>>> print(open('work_8.txt').read())   # compact mmCIF, C-alpha atoms
# COMPACT_ATOMS: atom_id res chain seq x y z
CA MET A 922 -25.23 -33.42 149.53
CA PRO A 923 -25.18 -29.99 147.85
CA VAL A 924 -27.27 -29.50 144.72
CA ILE A 925 -24.87 -29.60 141.74
CA THR A 926 -26.25 -28.17 138.51
CA ASN A 927 -23.09 -27.06 136.67
CA ILE A 928 -19.31 -27.37 136.67
CA ASP A 929 -18.89 -24.10 138.57
CA ASP A 930 -20.72 -25.65 141.54
CA LEU A 931 -18.05 -28.35 141.64
CA LYS A 932 -15.31 -25.75 141.24
CA ARG A 933 -16.48 -23.90 144.35
CA LEU A 934 -16.48 -27.12 146.38
CA HIS A 935 -13.08 -28.07 145.00
CA LYS A 936 -11.62 -24.77 146.19
CA LYS A 937 -13.18 -25.24 149.62
CA ARG A 938 -12.01 -28.84 150.16
CA THR A 939 -8.55 -29.00 148.54
CA PRO A 940 -5.26 -27.47 149.78
CA LYS A 941 -4.64 -24.09 148.17
CA MET A 942 -1.47 -25.07 146.32
CA PHE A 943 -3.18 -27.97 144.56
CA TYR A 944 -6.30 -25.97 143.73
CA ASP A 945 -4.05 -23.22 142.33
CA TYR A 946 -2.04 -25.83 140.39
CA CYS A 947 -5.25 -26.76 138.61
CA GLU A 948 -6.70 -23.28 138.27
CA SER A 949 -3.77 -21.40 136.77
CA GLY A 950 -1.92 -20.69 133.55
CA ALA A 951 1.46 -19.40 132.48
CA TRP A 952 2.66 -15.82 132.89
CA THR A 953 -0.27 -13.36 132.59
CA GLU A 954 -2.79 -16.20 132.03
CA GLN A 955 -4.15 -14.54 128.87
CA THR A 956 -4.34 -17.82 126.95
CA PHE A 957 -5.73 -19.61 130.01
CA ARG A 958 -8.62 -17.11 130.13
CA GLU A 959 -9.26 -16.93 126.38
CA ASN A 960 -9.53 -20.72 126.11
CA VAL A 961 -12.80 -20.28 128.00
CA THR A 962 -14.05 -16.88 126.84
CA ASP A 963 -13.59 -17.68 123.14
CA PHE A 964 -16.11 -20.50 123.47
CA ASP A 965 -18.56 -17.88 124.77
CA LYS A 966 -18.29 -15.95 121.49
CA ILE A 967 -19.85 -18.85 119.57
CA ARG A 968 -23.67 -19.05 119.63
CA LEU A 969 -26.03 -21.95 119.03
CA ARG A 970 -28.80 -21.91 116.44
CA GLN A 971 -32.12 -22.94 117.96
CA ARG A 972 -34.50 -25.07 115.88
CA ILE A 973 -38.12 -25.99 116.68
CA ALA A 974 -40.75 -28.57 115.74
CA VAL A 975 -38.14 -31.31 115.41
CA ASP A 976 -38.65 -34.86 116.71
CA MET A 977 -36.36 -35.04 119.76
CA GLU A 978 -37.03 -38.63 120.83
CA GLY A 979 -34.43 -41.37 120.59
CA ARG A 980 -31.40 -39.12 121.06
CA THR A 981 -27.88 -40.49 121.34
CA THR A 982 -24.50 -38.94 122.11
CA ALA A 983 -22.67 -42.24 121.52
CA THR A 984 -19.86 -42.19 118.97
CA GLN A 985 -16.24 -43.32 118.59
CA MET A 986 -12.81 -41.85 119.31
CA ILE A 987 -9.92 -43.54 117.46
CA GLY A 988 -12.17 -46.51 116.81
CA GLN A 989 -13.21 -46.97 120.44
CA ASP A 990 -16.86 -46.73 121.46
CA VAL A 991 -17.60 -43.80 123.78
CA SER A 992 -20.86 -42.68 125.39
CA MET A 993 -20.12 -39.12 124.28
CA PRO A 994 -17.18 -37.50 122.40
CA VAL A 995 -15.34 -36.71 125.64
CA ALA A 996 -12.20 -38.13 127.23
CA LEU A 997 -10.63 -37.30 130.57
CA ALA A 998 -7.44 -35.42 129.80
CA PRO A 999 -4.10 -36.25 131.40
CA VAL A 1000 -3.54 -34.11 134.50
CA GLY A 1001 -0.38 -34.30 136.58
CA LEU A 1002 -0.65 -34.60 140.37
CA THR A 1003 -4.27 -35.77 140.14
CA GLY A 1004 -3.67 -37.94 143.18
CA MET A 1005 -2.91 -34.82 145.24
CA GLN A 1006 -6.29 -33.28 144.45
CA ARG A 1007 -7.82 -36.25 146.26
CA ALA A 1008 -6.19 -39.38 147.65
CA ASP A 1009 -5.86 -42.05 144.91
CA GLY A 1010 -7.27 -39.47 142.51
CA GLU A 1011 -6.20 -41.20 139.30
CA ILE A 1012 -7.81 -44.46 140.38
CA LYS A 1013 -11.05 -42.71 141.31
CA ALA A 1014 -11.18 -40.76 138.04
CA ALA A 1015 -10.38 -43.84 135.96
CA LYS A 1016 -13.13 -45.86 137.64
CA ALA A 1017 -15.68 -43.07 137.10
CA ALA A 1018 -14.69 -42.75 133.43
CA GLU A 1019 -14.91 -46.51 132.89
CA LYS A 1020 -18.40 -46.69 134.35
CA PHE A 1021 -19.52 -43.72 132.27
CA GLY A 1022 -18.09 -45.11 129.05
CA VAL A 1023 -15.46 -42.47 128.25
CA PRO A 1024 -11.65 -42.80 128.04
CA PHE A 1025 -9.41 -41.89 130.95
CA THR A 1026 -5.88 -40.67 130.16
CA LEU A 1027 -3.23 -41.24 132.82
CA SER A 1028 -0.40 -38.70 133.02
CA THR A 1029 3.28 -39.62 133.18
CA MET A 1030 3.36 -37.27 136.20
CA SER A 1031 0.56 -39.08 138.01
CA ILE A 1032 0.65 -39.99 141.69
CA CYS A 1033 -0.87 -43.44 141.15
CA SER A 1034 1.22 -45.57 138.81
CA ILE A 1035 0.18 -47.29 135.59
CA GLU A 1036 0.11 -50.57 137.50
CA GLU A 1037 -2.07 -49.19 140.31
CA VAL A 1038 -4.65 -47.81 137.88
CA ASP A 1039 -4.59 -51.06 135.91
CA LYS A 1040 -5.18 -53.03 139.13
CA HIS A 1041 -8.35 -51.06 139.93
CA THR A 1042 -9.92 -50.95 136.45
CA THR A 1043 -11.31 -53.62 134.15
CA LYS A 1044 -11.07 -51.92 130.75
CA PRO A 1045 -8.07 -50.39 128.93
CA PHE A 1046 -7.27 -46.75 129.61
CA TRP A 1047 -5.01 -44.32 127.71
CA PHE A 1048 -1.55 -43.19 128.77
CA GLN A 1049 0.04 -39.79 128.22
CA LEU A 1050 3.79 -39.75 127.67
CA TYR A 1051 6.32 -37.00 128.36
CA VAL A 1052 9.56 -37.68 126.52
CA MET A 1053 12.51 -37.86 128.91
CA ARG A 1054 16.24 -37.84 128.13
CA ASP A 1055 16.68 -41.18 129.93
CA GLN A 1056 16.24 -43.69 127.10
CA ASP A 1057 15.99 -46.65 129.48
CA PHE A 1058 13.16 -44.94 131.36
CA LEU A 1059 11.41 -44.04 128.10
CA GLU A 1060 11.56 -47.60 126.79
CA GLY A 1061 10.58 -48.97 130.19
CA ILE A 1062 7.49 -46.85 130.65
CA ILE A 1063 6.27 -47.62 127.13
CA GLN A 1064 6.67 -51.34 127.89
CA ARG A 1065 4.81 -50.90 131.19
CA ALA A 1066 1.96 -49.25 129.28
CA LYS A 1067 1.88 -52.21 126.89
CA ASP A 1068 1.88 -54.66 129.81
CA ALA A 1069 -1.12 -52.84 131.30
CA LYS A 1070 -2.95 -53.19 127.95
CA VAL A 1071 -3.14 -49.41 127.51
CA SER A 1072 -5.17 -48.88 124.33
CA ALA A 1073 -3.77 -45.53 123.14
CA LEU A 1074 -0.62 -43.50 123.72
CA VAL A 1075 -1.07 -39.73 124.00
CA LEU A 1076 2.29 -38.09 123.27
CA THR A 1077 2.54 -34.54 124.62
CA LEU A 1078 4.68 -32.31 122.39
CA ASP A 1079 4.36 -28.85 123.96
CA LEU A 1080 6.28 -29.40 127.21
CA GLN A 1081 9.90 -29.78 126.19
CA ILE A 1082 10.56 -26.95 128.62
CA LEU A 1083 8.26 -26.08 131.52
CA GLY A 1084 6.20 -22.88 131.27
CA GLN A 1085 6.36 -20.60 134.30
CA ARG A 1086 3.24 -20.57 136.44
CA HIS A 1087 3.49 -17.83 139.02
CA LYS A 1088 1.03 -19.35 141.50
CA ASP A 1089 3.00 -22.60 141.75
CA LEU A 1090 6.21 -20.72 142.51
CA LYS A 1091 4.57 -18.49 145.09
CA ASN A 1092 2.87 -21.45 146.78
CA GLY A 1093 6.09 -23.47 146.87
CA LEU A 1094 4.34 -26.35 145.12
CA SER A 1095 5.87 -29.69 146.06
CA VAL A 1096 4.97 -33.36 146.44
CA PRO A 1097 4.62 -34.17 149.27
CA LEU A 1098 3.72 -30.84 150.85
CA ARG A 1099 6.51 -28.86 152.49
CA PRO A 1100 5.67 -28.07 156.11
CA THR A 1101 5.76 -24.28 155.82
CA LEU A 1102 3.60 -22.16 158.13
CA PRO A 1103 1.19 -21.09 155.34
CA ASN A 1104 0.83 -24.72 154.18
CA ILE A 1105 0.22 -25.99 157.72
CA ALA A 1106 -2.36 -23.27 158.34
CA ASN A 1107 -4.17 -24.11 155.11
CA LEU A 1108 -4.04 -27.86 155.75
CA ALA A 1109 -5.66 -27.38 159.15
CA THR A 1110 -8.84 -26.38 157.31
CA LYS A 1111 -8.72 -29.40 154.93
CA TRP A 1112 -9.03 -32.20 157.48
CA GLN A 1113 -10.98 -34.59 155.23
CA TRP A 1114 -8.34 -34.29 152.51
CA GLY A 1115 -5.63 -34.88 155.09
CA LEU A 1116 -7.22 -37.98 156.57
CA GLU A 1117 -7.64 -39.56 153.14
CA MET A 1118 -4.03 -38.79 152.20
CA LEU A 1119 -2.76 -40.34 155.43
CA ALA A 1120 -4.60 -43.56 154.58
CA THR A 1121 -3.14 -44.07 151.09
CA LYS A 1122 0.28 -45.36 150.09
CA ASN A 1123 0.16 -43.28 146.89
CA LYS A 1124 1.87 -40.01 147.82
CA SER A 1125 4.61 -39.61 145.22
CA PHE A 1126 5.03 -39.81 141.44
CA GLY A 1127 4.24 -43.49 141.06
CA ASN A 1128 5.40 -43.82 137.46
CA ILE A 1129 8.88 -42.51 138.28
CA VAL A 1130 9.98 -43.37 141.83
CA GLY A 1131 11.49 -46.84 141.79
CA HIS A 1132 11.45 -46.96 137.99
CA ALA A 1133 13.94 -44.26 136.97
CA LYS A 1134 17.63 -44.87 137.54
CA GLY A 1135 18.79 -43.39 140.83
CA VAL A 1136 15.34 -42.14 141.87
CA SER A 1137 14.35 -43.68 145.18
CA ASN A 1138 13.10 -40.69 147.20
CA MET A 1139 11.64 -37.21 146.78
CA GLY A 1140 15.00 -35.43 146.82
CA SER A 1141 16.41 -37.49 143.98
CA LEU A 1142 13.07 -37.29 142.14
CA PHE A 1143 13.07 -33.49 141.89
CA THR A 1144 16.68 -33.45 140.68
CA TRP A 1145 15.91 -36.10 138.06
CA THR A 1146 12.70 -34.41 136.85
CA ALA A 1147 14.35 -30.99 136.51
CA GLU A 1148 16.92 -32.49 134.18
CA GLN A 1149 14.80 -34.97 132.23
CA PHE A 1150 12.22 -33.21 130.04
CA ASP A 1151 13.83 -33.59 126.64
CA PRO A 1152 14.25 -30.26 124.79
CA ARG A 1153 15.68 -32.18 121.81
CA LEU A 1154 12.37 -33.85 120.97
CA ASP A 1155 11.82 -33.61 117.22
CA TRP A 1156 9.79 -35.32 114.50
CA ASP A 1157 12.38 -38.07 114.01
CA LYS A 1158 12.10 -39.01 117.70
CA ILE A 1159 8.32 -38.91 117.47
CA LYS A 1160 8.46 -41.37 114.58
CA LYS A 1161 10.74 -43.68 116.60
CA ILE A 1162 8.38 -43.54 119.57
CA LYS A 1163 5.49 -44.50 117.31
CA GLU A 1164 7.46 -47.52 116.10
CA MET A 1165 8.44 -48.43 119.68
CA TRP A 1166 4.80 -48.15 120.84
CA GLY A 1167 3.18 -49.94 117.91
CA GLY A 1168 -0.41 -48.99 118.82
CA PRO A 1169 -2.76 -46.05 118.31
CA LEU A 1170 -0.85 -42.78 118.74
CA ILE A 1171 -2.42 -39.40 119.53
CA LEU A 1172 -0.21 -36.30 119.32
CA LYS A 1173 -1.12 -33.60 121.82
CA GLY A 1174 -0.18 -29.93 121.61
CA ILE A 1175 -0.84 -29.02 117.95
CA LEU A 1176 -1.72 -25.36 117.28
CA ASP A 1177 -0.27 -24.83 113.82
CA GLU A 1178 -1.30 -26.22 110.44
CA GLU A 1179 2.28 -27.05 109.47
CA ASP A 1180 2.76 -29.07 112.65
CA ALA A 1181 -0.52 -30.85 111.91
CA ARG A 1182 0.82 -31.83 108.48
CA ARG A 1183 3.99 -33.15 110.08
CA ALA A 1184 1.81 -35.25 112.37
CA VAL A 1185 0.29 -36.83 109.25
CA ASP A 1186 3.78 -37.59 107.95
CA VAL A 1187 4.82 -39.50 111.10
CA GLY A 1188 1.68 -41.65 110.97
CA ALA A 1189 -0.30 -40.34 113.95
CA ASP A 1190 -3.82 -41.71 114.37
CA ALA A 1191 -5.16 -38.43 115.78
CA ILE A 1192 -4.01 -35.06 117.03
CA ILE A 1193 -5.23 -32.87 119.87
CA VAL A 1194 -5.50 -29.17 119.12
CA SER A 1195 -4.21 -27.92 122.45
CA ASN A 1196 -2.22 -25.17 124.14
CA HIS A 1197 -1.80 -27.22 127.34
CA GLY A 1198 -4.68 -25.43 129.00
CA GLY A 1199 -2.86 -22.11 128.74
CA ARG A 1200 -0.06 -23.46 130.94
CA GLN A 1201 2.81 -23.25 128.47
CA LEU A 1202 3.04 -20.44 125.87
CA ASP A 1203 1.04 -17.52 127.21
CA GLY A 1204 -0.14 -15.34 124.32
CA ALA A 1205 -0.91 -18.31 122.07
CA LEU A 1206 -4.36 -18.37 120.51
CA SER A 1207 -7.11 -20.38 122.15
CA SER A 1208 -7.57 -23.97 120.99
CA ILE A 1209 -11.11 -23.33 119.73
CA ARG A 1210 -9.88 -20.51 117.45
CA ARG A 1211 -7.27 -22.81 115.95
CA LEU A 1212 -9.58 -25.80 115.47
CA GLU A 1213 -11.17 -25.05 112.09
CA PRO A 1214 -7.96 -23.98 110.27
CA ILE A 1215 -6.26 -27.19 111.40
CA ILE A 1216 -9.25 -29.33 110.40
CA ALA A 1217 -9.22 -27.61 107.00
CA ALA A 1218 -5.56 -28.55 106.61
CA VAL A 1219 -5.58 -32.20 107.76
CA GLY A 1220 -9.07 -33.21 108.93
CA ASP A 1221 -9.58 -35.66 106.08
CA GLN A 1222 -6.44 -37.61 106.99
CA PHE A 1223 -6.98 -38.47 110.65
CA GLU A 1224 -9.09 -37.55 113.64
CA VAL A 1225 -8.76 -34.05 115.07
CA HIS A 1226 -9.54 -33.71 118.77
CA ILE A 1227 -9.43 -30.64 121.00
CA ASP A 1228 -8.76 -29.72 124.61
CA SER A 1229 -8.28 -26.51 126.66
CA GLY A 1230 -11.22 -24.41 127.84
CA ILE A 1231 -14.01 -27.00 127.76
CA ARG A 1232 -16.19 -26.47 130.82
CA SER A 1233 -19.66 -27.55 129.64
CA GLY A 1234 -21.63 -29.82 127.39
CA GLN A 1235 -22.33 -26.81 125.20
CA ASP A 1236 -18.58 -26.38 124.69
CA VAL A 1237 -18.40 -30.04 123.65
CA LEU A 1238 -21.28 -29.47 121.23
CA LYS A 1239 -19.65 -26.37 119.72
CA ALA A 1240 -16.32 -28.12 119.20
CA THR A 1241 -18.06 -31.14 117.66
CA ALA A 1242 -20.09 -28.91 115.34
CA MET A 1243 -16.86 -27.24 114.21
CA GLY A 1244 -15.50 -30.64 113.19
CA ALA A 1245 -13.71 -32.10 116.22
CA THR A 1246 -14.16 -35.87 116.53
CA GLY A 1247 -13.26 -35.83 120.22
CA THR A 1248 -12.88 -33.44 123.13
CA TYR A 1249 -11.01 -33.62 126.44
CA ILE A 1250 -11.91 -32.26 129.84
CA GLY A 1251 -9.23 -31.63 132.44
CA ARG A 1252 -10.13 -28.97 134.96
CA ALA A 1253 -13.84 -29.81 134.73
CA TYR A 1254 -13.32 -33.33 136.09
CA ILE A 1255 -10.61 -32.24 138.53
CA TYR A 1256 -13.14 -29.85 140.10
CA GLY A 1257 -15.41 -32.83 140.64
CA LEU A 1258 -12.62 -35.02 141.99
CA GLY A 1259 -11.49 -32.39 144.49
CA ALA A 1260 -15.08 -31.72 145.50
CA MET A 1261 -16.39 -35.25 146.00
CA GLY A 1262 -13.88 -37.87 144.85
CA GLU A 1263 -15.09 -40.50 142.39
CA ALA A 1264 -18.70 -39.38 142.82
CA GLY A 1265 -17.63 -35.87 141.87
CA VAL A 1266 -16.00 -37.04 138.64
CA THR A 1267 -19.20 -38.91 137.82
CA LYS A 1268 -21.21 -35.79 138.58
CA ALA A 1269 -19.00 -33.70 136.27
CA LEU A 1270 -19.58 -36.22 133.47
CA GLU A 1271 -23.32 -36.27 134.16
CA VAL A 1272 -23.50 -32.46 134.04
CA ILE A 1273 -21.60 -32.29 130.76
CA HIS A 1274 -23.62 -35.11 129.21
CA LYS A 1275 -26.94 -33.53 130.17
CA GLU A 1276 -25.91 -30.13 128.77
CA LEU A 1277 -24.67 -31.78 125.58
CA ASP A 1278 -27.80 -33.89 125.11
CA MET A 1279 -30.31 -31.10 125.79
CA SER A 1280 -28.48 -28.48 123.74
CA MET A 1281 -28.12 -30.88 120.82
CA ALA A 1282 -31.86 -31.53 120.90
CA LEU A 1283 -32.74 -27.83 121.03
CA CYS A 1284 -30.50 -27.31 118.01
CA GLY A 1285 -32.57 -29.86 116.11
CA ARG A 1286 -30.27 -32.89 116.22
CA ARG A 1287 -30.87 -36.33 117.72
CA ASN A 1288 -27.53 -37.97 116.98
CA ILE A 1289 -24.14 -36.50 117.87
CA ASN A 1290 -22.77 -37.88 114.60
CA ASP A 1291 -25.24 -35.66 112.68
CA VAL A 1292 -24.09 -32.46 114.40
CA ASP A 1293 -22.46 -30.03 111.99
CA ARG A 1294 -21.58 -26.36 111.67
CA ASP A 1295 -25.13 -25.55 110.60
CA ILE A 1296 -26.15 -25.47 114.27
CA LEU A 1297 -23.67 -22.69 115.07
CA LEU A 1298 -23.56 -18.93 114.72
CA VAL A 1299 -19.88 -18.02 114.60
CA PRO A 1300 -18.51 -14.46 114.43
CA GLU A 1301 -17.05 -13.57 111.05
CA ASP A 1302 -13.30 -14.12 110.97
CA PHE A 1303 -13.46 -15.99 114.30
CA ALA A 1304 -10.13 -17.67 113.56
CA GLY A 1305 -8.66 -14.21 112.99
CA ARG A 1306 -6.45 -12.66 110.35
CA TRP A 1307 -2.96 -12.53 111.78
CA ALA A 1308 -0.08 -11.00 109.86
>>> encode(input="work_8.txt", output="structure tokens")
Amino acid sequence: MPVITNIDDLKRLHKKRTPKMFYDYCESGAWTEQTFRENVTDFDKIRLRQRIAVDMEGRTTATQMIGQDVSMPVALAPVGLTGMQRADGEIKAAKAAEKFGVPFTLSTMSICSIEEVDKHTTKPFWFQLYVMRDQDFLEGIIQRAKDAKVSALVLTLDLQILGQRHKDLKNGLSVPLRPTLPNIANLATKWQWGLEMLATKNKSFGNIVGHAKGVSNMGSLFTWTAEQFDPRLDWDKIKKIKEMWGGPLILKGILDEEDARRAVDVGADAIIVSNHGGRQLDGALSSIRRLEPIIAAVGDQFEVHIDSGIRSGQDVLKATAMGATGTYIGRAYIYGLGAMGEAGVTKALEVIHKELDMSMALCGRRNINDVDRDILLVPEDFAGRWA
């Protein structure tokens, strides 16, 4: 067992043990990847304020996200194709999250279905919804989430059209893998991954195949998917989806104050300040730069969460100190999953929790709910003045 001390250690193992196209799918952004990079580097611009001679005993990172108890203000973000990073990846990640006491969010574009994840877990998880043109499919998948006792719906708003990611196109990304010479050569070096994939029945998009009209195999799936992301999604449809769902609703993909105010109007329970991990609109500002202006606009009306760029417990601490009531990790847990399966996801959570707990203490706080902006040193005009 290698010594794992940070998320980058898991990232290196992930790259070594996972087929190139799936590693690249995780570790890439749209176009020039400017936003993808700045999501991370903008966190580095924020400094922590060290305090001394403070009683550090009895610390706790426990809090709540949308009224649910969590061991720290972190949820596992929805990530498509998680089950191609490691066989049964969604199940393994969900089990690790449940044991650690943080929410797991299942993607519409998951390999393991809602029902499969429900079968292997004992507590409710969250479900992320992409809005499709097919109304029967939309209503059906919401009902399936209800049947599985999903406790929150995360509605993604920033993928009405798919951003171009150069690495995916160059790798010929597909599910299952196409038997091209480069893919075969790469797979020959990933024997453990291959053996695990051979042993599982979960090799396709489990939420779609067999559930969408006319989709019974991979050929029909790709045709259906290419046509189904709904570019007509608007605030009226969001309101109807909230009524159809009837439970806690989190809107994901908010980067603008006006959109945050519209989220209040449709009755959302929380929003996620997010640029889809830099995978959609390249050139958009990083999520952490947009956090405080959005909190200033709507933070007294519902919970404001954040994702994109969080790679450490210190990033979680910084976002919390700036006012976020929840954070999401995507790539950080995927690195762990690709590196070591369920144990790797647990290790990623342990690393982040330890960094969060120790940094909080060294900033003079014992309770995550007492963390505020006073522990930060933020560059003047960090949010920027943009004409």
>>> atom_distance(input="work_8.txt", atom1="CA of Leu1142 (chain A)", atom2="CA of Met1030 (chain A)")
11.4 Å
>>> closest_atom_pairs(input="work_8.txt", of="region 1110-1143 of chain A", to="region 1042-1059 of chain A", cutoff="12 Å", atoms="only C-alpha atoms", output="JSON lines")
{"residue": "A:Asn1128", "atom": "CA", "partner": "A:Phe1058", "partner_atom": "CA", "distance": 9.9}
{"residue": "A:Ile1129", "atom": "CA", "partner": "A:Phe1058", "partner_atom": "CA", "distance": 8.5}
{"residue": "A:Val1130", "atom": "CA", "partner": "A:Phe1058", "partner_atom": "CA", "distance": 11.1}
{"residue": "A:Gly1131", "atom": "CA", "partner": "A:Phe1058", "partner_atom": "CA", "distance": 10.7}
{"residue": "A:His1132", "atom": "CA", "partner": "A:Phe1058", "partner_atom": "CA", "distance": 7.1}
{"residue": "A:Ala1133", "atom": "CA", "partner": "A:Phe1058", "partner_atom": "CA", "distance": 5.7}
{"residue": "A:Lys1134", "atom": "CA", "partner": "A:Phe1058", "partner_atom": "CA", "distance": 7.6}
{"residue": "A:Gly1135", "atom": "CA", "partner": "A:Phe1058", "partner_atom": "CA", "distance": 11.1}
{"residue": "A:Val1136", "atom": "CA", "partner": "A:Phe1058", "partner_atom": "CA", "distance": 11.1}
>>> write_last_selection(input="work_8.txt", atoms="C-alpha atoms", output="PDB file, in the frame of the given file")
ATOM      1  CA  ASN A1128       5.400 -43.820 137.460  1.00  0.00           C
ATOM      2  CA  ILE A1129       8.880 -42.510 138.280  1.00  0.00           C
ATOM      3  CA  VAL A1130       9.980 -43.370 141.830  1.00  0.00           C
ATOM      4  CA  GLY A1131      11.490 -46.840 141.790  1.00  0.00           C
ATOM      5  CA  HIS A1132      11.450 -46.960 137.990  1.00  0.00           C
ATOM      6  CA  ALA A1133      13.940 -44.260 136.970  1.00  0.00           C
ATOM      7  CA  LYS A1134      17.630 -44.870 137.540  1.00  0.00           C
ATOM      8  CA  GLY A1135      18.790 -43.390 140.830  1.00  0.00           C
ATOM      9  CA  VAL A1136      15.340 -42.140 141.870  1.00  0.00           C
TER      10      VAL A1136
END
>>> atom_distance(input="work_8.txt", atom1="CA of Arg1065 (chain A)", atom2="CA of Trp1166 (chain A)")
10.7 Å
>>> residues_around(input="work_8.txt", residues="Ala1189 (chain A)", least_positions_apart="4", cutoff="6 Å", atoms="only C-alpha atoms", output="list in words")
Leu1170, Ala1184 and Val1185 of chain A
>>> atom_distance(input="work_8.txt", atom1="CA of Cys947 (chain A)", atom2="CA of Val1194 (chain A)")
19.6 Å
>>> residues_near_point(input="work_8.txt", point="(-2.3, -26.8, 114.1)", cutoff="12 Å", atoms="only C-alpha atoms", output="ChimeraX atom specification")
/A:1172-1185,1192-1196,1205-1220,1225-1227
>>> write_last_selection(input="work_8.txt", atoms="C-alpha atoms", output="CSV table (one decimal), in the frame of the given file")
chain,number,residue,atom,x,y,z
A,1172,LEU,CA,-0.2,-36.3,119.3
A,1173,LYS,CA,-1.1,-33.6,121.8
A,1174,GLY,CA,-0.2,-29.9,121.6
A,1175,ILE,CA,-0.8,-29.0,118.0
A,1176,LEU,CA,-1.7,-25.4,117.3
A,1177,ASP,CA,-0.3,-24.8,113.8
A,1178,GLU,CA,-1.3,-26.2,110.4
A,1179,GLU,CA,2.3,-27.0,109.5
A,1180,ASP,CA,2.8,-29.1,112.6
A,1181,ALA,CA,-0.5,-30.8,111.9
A,1182,ARG,CA,0.8,-31.8,108.5
A,1183,ARG,CA,4.0,-33.2,110.1
A,1184,ALA,CA,1.8,-35.2,112.4
A,1185,VAL,CA,0.3,-36.8,109.2
A,1192,ILE,CA,-4.0,-35.1,117.0
A,1193,ILE,CA,-5.2,-32.9,119.9
A,1194,VAL,CA,-5.5,-29.2,119.1
A,1195,SER,CA,-4.2,-27.9,122.4
A,1196,ASN,CA,-2.2,-25.2,124.1
A,1205,ALA,CA,-0.9,-18.3,122.1
A,1206,LEU,CA,-4.4,-18.4,120.5
A,1207,SER,CA,-7.1,-20.4,122.2
A,1208,SER,CA,-7.6,-24.0,121.0
A,1209,ILE,CA,-11.1,-23.3,119.7
A,1210,ARG,CA,-9.9,-20.5,117.4
A,1211,ARG,CA,-7.3,-22.8,116.0
A,1212,LEU,CA,-9.6,-25.8,115.5
A,1213,GLU,CA,-11.2,-25.0,112.1
A,1214,PRO,CA,-8.0,-24.0,110.3
A,1215,ILE,CA,-6.3,-27.2,111.4
A,1216,ILE,CA,-9.2,-29.3,110.4
A,1217,ALA,CA,-9.2,-27.6,107.0
A,1218,ALA,CA,-5.6,-28.6,106.6
A,1219,VAL,CA,-5.6,-32.2,107.8
A,1220,GLY,CA,-9.1,-33.2,108.9
A,1225,VAL,CA,-8.8,-34.0,115.1
A,1226,HIS,CA,-9.5,-33.7,118.8
A,1227,ILE,CA,-9.4,-30.6,121.0
>>> residues_around(input="work_8.txt", residues="Leu1119 (chain A)", least_positions_apart="4", cutoff="12 Å", atoms="all atoms listed in the file", output="list of chain:residue names")
A:Met1005, A:Arg1007, A:Ala1008, A:Asp1009, A:Pro1097, A:Trp1112, A:Gln1113, A:Trp1114, A:Gly1115, A:Asn1123, A:Lys1124
>>> residues_around(input="work_8.txt", residues="region 1101-1109 of chain A", least_positions_apart="4", cutoff="12 Å", atoms="all atoms listed in the file", output="ChimeraX atom specification")
/A:936-944,1091-1095,1097,1113-1116,1118
>>> closest_residue(input="work_8.txt", among="A:Lys1239, A:Lys1070, A:Lys1088, A:Arg1286", to="Lys966 (chain A)", atoms="all atoms listed in the file")
A:Lys1239
>>> closest_residue(input="work_8.txt", among="A:Ala974, A:Gly988, A:Lys1111, A:Lys1158", to="Phe1223 (chain A)", atoms="all atoms listed in the file")
A:Gly988
>>> residues_around(input="work_8.txt", residues="Leu931 (chain A)", least_positions_apart="3", cutoff="8 Å", atoms="all atoms listed in the file", output="list of chain:residue names")
A:Ile925, A:Asn927, A:Ile928, A:Leu934, A:His935, A:Tyr1256, A:Gly1257, A:Ala1260, A:Gly1265, A:Ala1269
>>> closest_residue(input="work_8.txt", among="A:Leu1154, A:Leu1298, A:Val1272, A:Ala983", to="Cys1284 (chain A)", atoms="only C-alpha atoms")
A:Leu1298
>>> closest_residue(input="work_8.txt", among="A:Asp1278, A:Asp965, A:Asp1190, A:Asp1089", to="Leu1076 (chain A)", atoms="all atoms listed in the file")
A:Asp1190
>>> build_atoms(input="work_8.txt", residues="region 1169-1175 of chain A", atoms="N, CA and C atoms", output="CSV table (one decimal), in the frame of the given file")
chain,number,residue,atom,x,y,z
A,1169,PRO,N,-2.2,-47.4,118.7
A,1169,PRO,CA,-2.8,-46.0,118.3
A,1169,PRO,C,-2.0,-44.9,119.0
A,1170,LEU,N,-1.6,-43.9,118.2
A,1170,LEU,CA,-0.8,-42.8,118.7
A,1170,LEU,C,-1.6,-41.5,118.5
A,1171,ILE,N,-1.8,-40.7,119.6
A,1171,ILE,CA,-2.4,-39.4,119.5
A,1171,ILE,C,-1.4,-38.4,119.9
A,1172,LEU,N,-1.2,-37.4,119.1
A,1172,LEU,CA,-0.2,-36.3,119.3
A,1172,LEU,C,-0.9,-35.1,119.9
A,1173,LYS,N,-0.5,-34.7,121.1
A,1173,LYS,CA,-1.1,-33.6,121.8
A,1173,LYS,C,-0.3,-32.3,121.8
A,1174,GLY,N,-0.9,-31.2,121.5
A,1174,GLY,CA,-0.2,-29.9,121.6
A,1174,GLY,C,0.0,-29.3,120.3
A,1175,ILE,N,-0.9,-29.6,119.3
A,1175,ILE,CA,-0.8,-29.0,118.0
A,1175,ILE,C,-1.7,-27.7,117.9
